[in-house]
Amino acid sequence: METPHFQEWFNKLFLPAVENLAKSGPVILFLDGPNSHRALELIGMARAKKITIYCLPPHTTHLLQPLDVAVFIGPLKCVWRKSVREHKLATNATQISKHVFPSVLSRLYAESVLPEHLVSGFRATGIHPLSHSAIKVERLKTAIPFVSSNQPPSSSESIPPVPTATPVRKRVESFFTQFF
């Protein structure tokens with residue numbers, strides 16, 4: 001999202017939505033890290049309104065972004081496939097036109113972005129309630145290297161061990177140390 005669009009969202013939608021919350025306790029805005037979100041003016045406005053901004057470390061949104069974890073990966077994909085299938089069956093269409101797309105998208109949002117999914121996303125990422133152990137260590141390891149041979153490795157060959165101190169793991173651990 002470009003900075004002017006983000007600033008408009010921040011001023012017209014986010015600030016009014018959290019105004020009462022800011023009076024009763026801390027408000028934290030998690031960003032996925034793009035530079036366009038980090039305009040100094042915006043950070044100043046957030047501080048003035050007692051809003052703390054945390055940027056998720058690069059290449060960790062699949063682990064730390066609540067919507068990625070609990071909405072986009074599961075419910076959204078299922079509802080999208082169902083909506084497309086039902087639209088095609090009802091209209092005998094082979095694709096969704098740009099004129100029909102908004103109505104399909106509206107249904108998608110209404111059926112997949114539910115409060116319980118949002119709560120689940122924050123819990124699964126360990127953001128709320130705070131949990132250093134919410135993300136399993138296995139998810140922080142690097143992928144096993146691609147083997148170019150068509151033959152599986154023999155018993156005498158071994159796949160190199162997966163390092164435990166990967167860049168993703170370091171970023172996630174750094175993120176959590178801000179809270180603990």
# chains A, B, ... in the order shown; residues from 1 in each chain; ligands from 1
$ select_by_dssp --residues "segment 37-138 of chain A" --states "strand (DSSP E or B)" --output "ChimeraX atom specification"
/A:51-55
$ residues_around --residues "Pro75 of chain A" --least-positions-apart "4" --cutoff "7 Å" --atoms "only C-alpha atoms" --output "list in words"
Val71, Val79 and Ser112 of chain A
$ write_last_selection --atoms "all heavy atoms" --output "tab-separated table (two decimals), in the first residue's frame"
chain	number	residue	atom	x	y	z
A	71	VAL	N	-6.73	-16.57	8.41
A	71	VAL	CA	-7.80	-16.25	7.46
A	71	VAL	C	-7.39	-16.59	6.03
A	71	VAL	O	-8.04	-17.39	5.37
A	71	VAL	CB	-8.22	-14.76	7.55
A	71	VAL	CG1	-9.26	-14.43	6.50
A	71	VAL	CG2	-8.76	-14.45	8.94
A	79	VAL	N	-13.69	-20.56	1.08
A	79	VAL	CA	-14.89	-19.80	0.68
A	79	VAL	C	-14.73	-19.31	-0.76
A	79	VAL	O	-15.69	-19.30	-1.52
A	79	VAL	CB	-15.16	-18.63	1.66
A	79	VAL	CG1	-16.29	-17.75	1.16
A	79	VAL	CG2	-15.49	-19.16	3.04
A	112	SER	N	-15.60	-15.30	5.41
A	112	SER	CA	-14.29	-15.82	5.82
A	112	SER	C	-13.55	-14.94	6.80
A	112	SER	O	-12.67	-15.42	7.51
A	112	SER	CB	-13.41	-16.08	4.60
A	112	SER	OG	-13.17	-14.90	3.90
$ atom_distance --atom1 "atom CA of Pro129 of chain A" --atom2 "atom CA of Pro16 of chain A"
24.6 Å
$ closest_residue --among "A:Gln7, A:Leu31, A:Thr94, A:Asn20" --to "Leu64 of chain A" --atoms "only C-alpha atoms"
A:Leu31
$ atom_distance --atom1 "atom CA of Arg107 of chain A" --atom2 "atom CA of Trp9 of chain A"
22.4 Å
$ select_by_dssp --residues "segment 2-116 of chain A" --states "helix (DSSP H, G or I)" --output "number ranges by chain"
A: 3-24, 35-38, 40-48, 61-64, 66-72, 75-91, 101-112, 115-116
$ atom_distance --atom1 "atom CA of Val69 of chain A" --atom2 "atom CA of Arg85 of chain A"
24.3 Å
$ residues_around --residues "Val119 of chain A" --least-positions-apart "5" --cutoff "9 Å" --atoms "only C-alpha atoms" --output "compact mmCIF listing (two decimals) with N, CA, C and O atoms, in the first residue's frame"
# COMPACT_ATOMS: atom_id res chain seq x y z
N PRO A 66 -1.43 -12.25 11.81
CA PRO A 66 -2.63 -13.00 12.18
C PRO A 66 -3.58 -13.32 11.02
O PRO A 66 -4.12 -14.42 10.95
N ALA A 70 -4.53 -17.19 10.04
CA ALA A 70 -5.85 -17.73 10.37
C ALA A 70 -6.95 -17.47 9.34
O ALA A 70 -7.99 -18.09 9.42
N LEU A 114 -14.12 -13.57 9.90
CA LEU A 114 -15.02 -13.60 11.05
C LEU A 114 -14.25 -13.30 12.33
O LEU A 114 -13.04 -13.61 12.41
N ALA A 124 -2.67 -17.89 17.45
CA ALA A 124 -1.75 -18.78 16.73
C ALA A 124 -0.38 -18.14 16.50
O ALA A 124 0.62 -18.85 16.41
N HIS A 128 -1.34 -12.43 20.99
CA HIS A 128 -2.27 -12.28 22.11
C HIS A 128 -3.06 -13.55 22.30
O HIS A 128 -3.74 -13.97 21.37
$ residues_around --residues "Phe10 of chain A" --least-positions-apart "6" --cutoff "10 Å" --atoms "only C-alpha atoms" --output "PyMOL selection string"
chain A and resi 4+16-17+37+42+45-46
$ write_last_selection --atoms "all heavy atoms" --output "CSV table (one decimal), in the first residue's frame"
chain,number,residue,atom,x,y,z
A,4,PRO,N,0.4,7.5,0.8
A,4,PRO,CA,-0.8,8.3,0.8
A,4,PRO,C,-2.1,7.5,1.1
A,4,PRO,O,-2.9,7.9,1.9
A,4,PRO,CB,-0.9,9.0,-0.5
A,4,PRO,CG,0.4,8.9,-1.1
A,4,PRO,CD,1.1,7.7,-0.5
A,16,PRO,N,-10.3,6.6,14.1
A,16,PRO,CA,-11.7,6.7,14.7
A,16,PRO,C,-12.1,5.3,15.3
A,16,PRO,O,-12.8,5.3,16.4
A,16,PRO,CB,-12.6,7.0,13.5
A,16,PRO,CG,-11.7,7.7,12.5
A,16,PRO,CD,-10.4,7.1,12.7
A,17,ALA,N,-11.6,4.2,14.8
A,17,ALA,CA,-12.0,2.9,15.3
A,17,ALA,C,-11.3,2.6,16.6
A,17,ALA,O,-11.9,1.9,17.5
A,17,ALA,CB,-11.6,1.8,14.3
A,37,HIS,N,4.8,2.2,4.7
A,37,HIS,CA,4.0,2.4,6.0
A,37,HIS,C,4.7,3.2,7.0
A,37,HIS,O,4.2,3.6,8.0
A,37,HIS,CB,3.7,1.0,6.6
A,37,HIS,CG,2.7,0.2,5.8
A,37,HIS,ND1,2.2,-0.9,6.3
A,37,HIS,CD2,2.3,0.3,4.5
A,37,HIS,CE1,1.4,-1.5,5.4
A,37,HIS,NE2,1.4,-0.7,4.3
A,42,LEU,N,3.5,9.8,9.9
A,42,LEU,CA,2.6,8.8,10.4
A,42,LEU,C,3.0,8.3,11.7
A,42,LEU,O,2.1,8.2,12.6
A,42,LEU,CB,2.4,7.7,9.4
A,42,LEU,CG,1.3,6.8,9.6
A,42,LEU,CD1,0.0,7.5,9.1
A,42,LEU,CD2,1.5,5.5,8.8
A,45,MET,N,2.2,10.9,14.2
A,45,MET,CA,0.7,10.9,14.6
A,45,MET,C,0.4,9.8,15.5
A,45,MET,O,-0.4,9.9,16.4
A,45,MET,CB,-0.1,10.9,13.3
A,45,MET,CG,-0.2,12.1,12.5
A,45,MET,SD,-1.4,12.1,11.2
A,45,MET,CE,-0.7,10.9,10.1
A,46,ALA,N,0.9,8.6,15.2
A,46,ALA,CA,0.6,7.5,16.1
A,46,ALA,C,1.1,7.7,17.5
A,46,ALA,O,0.4,7.5,18.5
A,46,ALA,CB,1.3,6.2,15.5
$ closest_residue --among "A:Phe72, A:Ala90, A:Ser131, A:Val27" --to "Ile53 of chain A" --atoms "only C-alpha atoms"
A:Val27
$ decode --residues "segment 61-91 of chain A" --atoms "N, CA, C and O atoms" --output "tab-separated table (two decimals), in the first residue's frame"
chain	number	residue	atom	x	y	z
A	61	THR	N	5.83	-12.91	7.80
A	61	THR	CA	4.39	-12.70	7.90
A	61	THR	C	3.63	-14.02	7.87
A	61	THR	O	2.56	-14.13	8.46
A	62	HIS	N	4.15	-15.04	7.21
A	62	HIS	CA	3.47	-16.34	7.19
A	62	HIS	C	3.44	-16.97	8.59
A	62	HIS	O	2.64	-17.86	8.85
A	63	LEU	N	4.27	-16.47	9.50
A	63	LEU	CA	4.28	-16.95	10.87
A	63	LEU	C	3.65	-15.96	11.85
A	63	LEU	O	3.04	-16.37	12.84
A	64	LEU	N	3.82	-14.67	11.60
A	64	LEU	CA	3.45	-13.66	12.59
A	64	LEU	C	2.24	-12.79	12.23
A	64	LEU	O	1.73	-12.08	13.08
A	65	GLN	N	1.80	-12.80	10.99
A	65	GLN	CA	0.69	-11.94	10.59
A	65	GLN	C	-0.62	-12.70	10.84
A	65	GLN	O	-0.89	-13.70	10.18
A	66	PRO	N	-1.43	-12.25	11.81
A	66	PRO	CA	-2.63	-13.00	12.18
A	66	PRO	C	-3.58	-13.32	11.02
A	66	PRO	O	-4.12	-14.42	10.95
A	67	LEU	N	-3.77	-12.40	10.10
A	67	LEU	CA	-4.67	-12.68	8.97
A	67	LEU	C	-4.07	-13.73	8.04
A	67	LEU	O	-4.80	-14.58	7.53
A	68	ASP	N	-2.78	-13.68	7.80
A	68	ASP	CA	-2.14	-14.70	6.97
A	68	ASP	C	-2.30	-16.08	7.60
A	68	ASP	O	-2.60	-17.06	6.93
A	69	VAL	N	-2.11	-16.15	8.91
A	69	VAL	CA	-2.13	-17.43	9.61
A	69	VAL	C	-3.54	-18.02	9.71
A	69	VAL	O	-3.74	-19.20	9.49
A	70	ALA	N	-4.53	-17.19	10.04
A	70	ALA	CA	-5.85	-17.73	10.37
A	70	ALA	C	-6.95	-17.47	9.34
A	70	ALA	O	-7.99	-18.09	9.42
A	71	VAL	N	-6.73	-16.57	8.41
A	71	VAL	CA	-7.80	-16.25	7.46
A	71	VAL	C	-7.39	-16.59	6.03
A	71	VAL	O	-8.04	-17.39	5.37
A	72	PHE	N	-6.31	-16.01	5.54
A	72	PHE	CA	-5.96	-16.14	4.13
A	72	PHE	C	-5.57	-17.56	3.76
A	72	PHE	O	-5.84	-18.01	2.65
A	73	ILE	N	-4.92	-18.27	4.66
A	73	ILE	CA	-4.45	-19.61	4.33
A	73	ILE	C	-5.59	-20.63	4.34
A	73	ILE	O	-5.64	-21.52	3.52
A	74	GLY	N	-6.53	-20.51	5.24
A	74	GLY	CA	-7.58	-21.51	5.37
A	74	GLY	C	-8.95	-21.06	4.91
A	74	GLY	O	-9.36	-21.33	3.78
A	75	PRO	N	-9.70	-20.38	5.78
A	75	PRO	CA	-11.10	-20.05	5.48
A	75	PRO	C	-11.29	-19.28	4.18
A	75	PRO	O	-12.20	-19.58	3.41
A	76	LEU	N	-10.45	-18.32	3.91
A	76	LEU	CA	-10.62	-17.50	2.72
A	76	LEU	C	-10.50	-18.34	1.45
A	76	LEU	O	-11.33	-18.22	0.55
A	77	LYS	N	-9.51	-19.20	1.38
A	77	LYS	CA	-9.34	-20.04	0.20
A	77	LYS	C	-10.53	-20.97	0.00
A	77	LYS	O	-11.00	-21.16	-1.12
A	78	CYS	N	-11.03	-21.54	1.09
A	78	CYS	CA	-12.18	-22.46	0.99
A	78	CYS	C	-13.42	-21.72	0.50
A	78	CYS	O	-14.13	-22.21	-0.39
A	79	VAL	N	-13.69	-20.56	1.08
A	79	VAL	CA	-14.89	-19.80	0.68
A	79	VAL	C	-14.73	-19.31	-0.76
A	79	VAL	O	-15.69	-19.30	-1.52
A	80	TRP	N	-13.53	-18.91	-1.15
A	80	TRP	CA	-13.30	-18.45	-2.52
A	80	TRP	C	-13.62	-19.56	-3.52
A	80	TRP	O	-14.35	-19.36	-4.48
A	81	ARG	N	-13.07	-20.73	-3.27
A	81	ARG	CA	-13.32	-21.87	-4.18
A	81	ARG	C	-14.81	-22.20	-4.25
A	81	ARG	O	-15.35	-22.43	-5.33
A	82	LYS	N	-15.46	-22.20	-3.10
A	82	LYS	CA	-16.90	-22.49	-3.06
A	82	LYS	C	-17.69	-21.42	-3.82
A	82	LYS	O	-18.59	-21.74	-4.60
A	83	SER	N	-17.36	-20.16	-3.61
A	83	SER	CA	-18.06	-19.06	-4.28
A	83	SER	C	-17.90	-19.12	-5.79
A	83	SER	O	-18.86	-18.93	-6.54
A	84	VAL	N	-16.69	-19.39	-6.24
A	84	VAL	CA	-16.43	-19.48	-7.68
A	84	VAL	C	-17.20	-20.67	-8.28
A	84	VAL	O	-17.85	-20.54	-9.31
A	85	ARG	N	-17.12	-21.81	-7.60
A	85	ARG	CA	-17.83	-23.00	-8.08
A	85	ARG	C	-19.34	-22.74	-8.17
A	85	ARG	O	-19.98	-23.04	-9.18
A	86	GLU	N	-19.92	-22.15	-7.13
A	86	GLU	CA	-21.36	-21.88	-7.13
A	86	GLU	C	-21.75	-20.86	-8.20
A	86	GLU	O	-22.77	-21.00	-8.85
A	87	HIS	N	-20.91	-19.86	-8.39
A	87	HIS	CA	-21.19	-18.86	-9.43
A	87	HIS	C	-21.17	-19.51	-10.82
A	87	HIS	O	-22.04	-19.27	-11.64
A	88	LYS	N	-20.17	-20.33	-11.05
A	88	LYS	CA	-20.06	-21.00	-12.36
A	88	LYS	C	-21.25	-21.93	-12.60
A	88	LYS	O	-21.78	-21.99	-13.70
A	89	LEU	N	-21.67	-22.65	-11.57
A	89	LEU	CA	-22.81	-23.55	-11.72
A	89	LEU	C	-24.11	-22.77	-11.96
A	89	LEU	O	-24.94	-23.16	-12.78
A	90	ALA	N	-24.28	-21.66	-11.25
A	90	ALA	CA	-25.52	-20.88	-11.36
A	90	ALA	C	-25.62	-20.14	-12.69
A	90	ALA	O	-26.72	-19.91	-13.19
A	91	THR	N	-24.48	-19.77	-13.26
A	91	THR	CA	-24.51	-18.92	-14.46
A	91	THR	C	-23.97	-19.61	-15.71
A	91	THR	O	-24.00	-19.01	-16.78
